[in-house]
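Q: Here it is: the structure, laid out below.
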Amino acid sequence: MREKIAVLFLDRDGTINHDIGTYVRHRDEFRLIERADDAVAMAVAAGFHVIIITNQAGLAKGIMDEVQLDEVHAYMNELFMKKGGRFDKAYYCPSHPDYPHPVYDRFLNCRKPGTGMVERAIEEYRTKGMEVDMQRSFFVGDKAVDIECARNSGLRPVLVRTGYGEEEACRRKHLVPEYVARDLYDAVHGYILKQ
Ligand SMILES: [Mg+2]
């Protein structure tokens, strides 16, 4: 019998950190959105596992490399841990349909709204004896592709208005988030922890 776990899947840019309009390559370009670290700490304290799900096509475009990306993610976890939170793993999709890449092209199905990264996370928990409880697991993001990825994965979608906050794009695509939050803190404190 596997342990059932609740997982908070988080988009990164525009949800946790300010979207700077290009790829974050260095820790000094990574700026937390206000109280995002508190939100992660609260979720962890409430028993959630936290996973990052992020499209990072700057890899296929040659704008950054994986060493830089891993360093940014290590820094993000340092910031979370200062508040008592943490994420278990950051899954990133390196590929982009417009930038053919000999290695990354086999990862094309991972690009959100594709569900490859979420499926991989669920599978990796399974190999560690944990079963993701989809009824208690959420996906928070600032774009329609995040809401679509959540729906396609069977996760409960929450849209944040920081970053792109694509409420109109969601409406056009008939994607209905469970909740539209001011920011990640409101998503966790004002909605997810009240479920
Ligand atoms: Mg985003």
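Lettering and numbering for the structure tokens are positional, with chains as A, B, ... in the shown order, residues counted from 1 in each chain, and ligands counted from 1 in the shown order.
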Please return as a list of chain:residue names the residues found within 9 Å of ligand 1, counting only C-alpha atoms and all ligand atoms.

A: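 So the residues close to ligand 1 are A:Asp11, A:Arg12, A:Asp13, A:Gly14, A:Thr15, A:Ile16, A:Asn17, A:Asp19, A:Thr54, A:Asn55, A:Gly141, A:Asp142, A:Lys143, A:Val145, A:Asp146, A:Thr162, A:Gly163, A:Tyr164, A:Gly165.
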
Q: Would you output that residue set with C-alpha atoms, as a PDB file, in the first residue's frame?

A:
```
ATOM      1  CA  ASP A  11       4.644  27.003 -12.421  1.00  0.00           C
ATOM      2  CA  ARG A  12       7.774  29.098 -11.886  1.00  0.00           C
ATOM      3  CA  ASP A  13       8.025  32.369 -13.865  1.00  0.00           C
ATOM      4  CA  GLY A  14       5.195  34.761 -13.032  1.00  0.00           C
ATOM      5  CA  THR A  15       3.996  32.498 -10.226  1.00  0.00           C
ATOM      6  CA  ILE A  16       6.987  32.188  -7.848  1.00  0.00           C
ATOM      7  CA  ASN A  17       9.366  34.760  -9.304  1.00  0.00           C
ATOM      8  CA  ASP A  19       8.727  37.168 -15.093  1.00  0.00           C
ATOM      9  CA  THR A  54       8.398  24.964 -15.901  1.00  0.00           C
ATOM     10  CA  ASN A  55       8.898  25.460 -19.641  1.00  0.00           C
ATOM     11  CA  GLY A 141       0.178  28.988 -12.661  1.00  0.00           C
ATOM     12  CA  ASP A 142      -0.212  32.360 -14.348  1.00  0.00           C
ATOM     13  CA  LYS A 143      -0.939  31.260 -17.920  1.00  0.00           C
ATOM     14  CA  VAL A 145      -1.167  26.673 -20.631  1.00  0.00           C
ATOM     15  CA  ASP A 146      -0.810  26.011 -16.902  1.00  0.00           C
ATOM     16  CA  THR A 162       0.855  37.859 -11.063  1.00  0.00           C
ATOM     17  CA  GLY A 163       2.894  37.341 -14.229  1.00  0.00           C
ATOM     18  CA  TYR A 164       0.630  37.008 -17.253  1.00  0.00           C
ATOM     19  CA  GLY A 165      -2.574  36.215 -15.313  1.00  0.00           C
TER      20      GLY A 165
END
```

Q: Please provide the set of residues having any atom within 12 Å of A:Ala43, restricted to only C-alpha atoms, with same-chain residues fewer than 2 positions apart removed, written as an MDAnalysis selection string.

A: chainID A and resid 6:10 36:41 45:51 80 83:87 137:138 184:194

Q: From stretch 7-158 of chain A, collect each residue whose DSSP state is alpha helix (DSSP H) and return the set as a ChimeraX atom specification.

A: /A:36-45,66-82,116-127,144-153

Q: Step one, run DSSP on the backbone; step two, keep only residues of stretch 33-184 of chain A assigned to strand (DSSP E or B); then write them as JSON, numbers by chain.

A: {"A": [49, 50, 51, 52, 53, 54, 55, 89, 90, 91, 92, 93, 130, 131, 132, 138, 139, 140, 141, 156, 157, 158, 159, 160, 179, 180, 181]}

Q: Hey, what's within 9 Å of A:Gly114 if we count only C-alpha atoms and toss same-chain stuff fewer than 6 positions away? As a compact mmCIF listing (two decimals) with N, CA and C atoms, in the first residue's frame, please?

A:
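Written out: out.txt:
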```txt
# COMPACT_ATOMS: atom_id res chain seq x y z
N LEU A 108 9.73 16.86 -26.53
CA LEU A 108 8.72 17.83 -26.97
C LEU A 108 7.37 17.67 -26.27
N VAL A 145 -1.80 28.00 -20.45
CA VAL A 145 -1.17 26.67 -20.63
C VAL A 145 -1.03 25.93 -19.31
N GLU A 148 -4.50 24.56 -18.59
CA GLU A 148 -4.75 23.46 -19.52
C GLU A 148 -3.95 22.21 -19.12
N CYS A 149 -2.71 22.41 -18.72
CA CYS A 149 -1.87 21.30 -18.25
C CYS A 149 -2.48 20.65 -17.02
N ASN A 152 -5.57 18.68 -18.12
CA ASN A 152 -5.18 17.46 -18.86
C ASN A 152 -4.54 16.43 -17.95
N SER A 153 -3.97 16.89 -16.84
CA SER A 153 -3.30 15.98 -15.91
C SER A 153 -4.24 15.46 -14.83
```
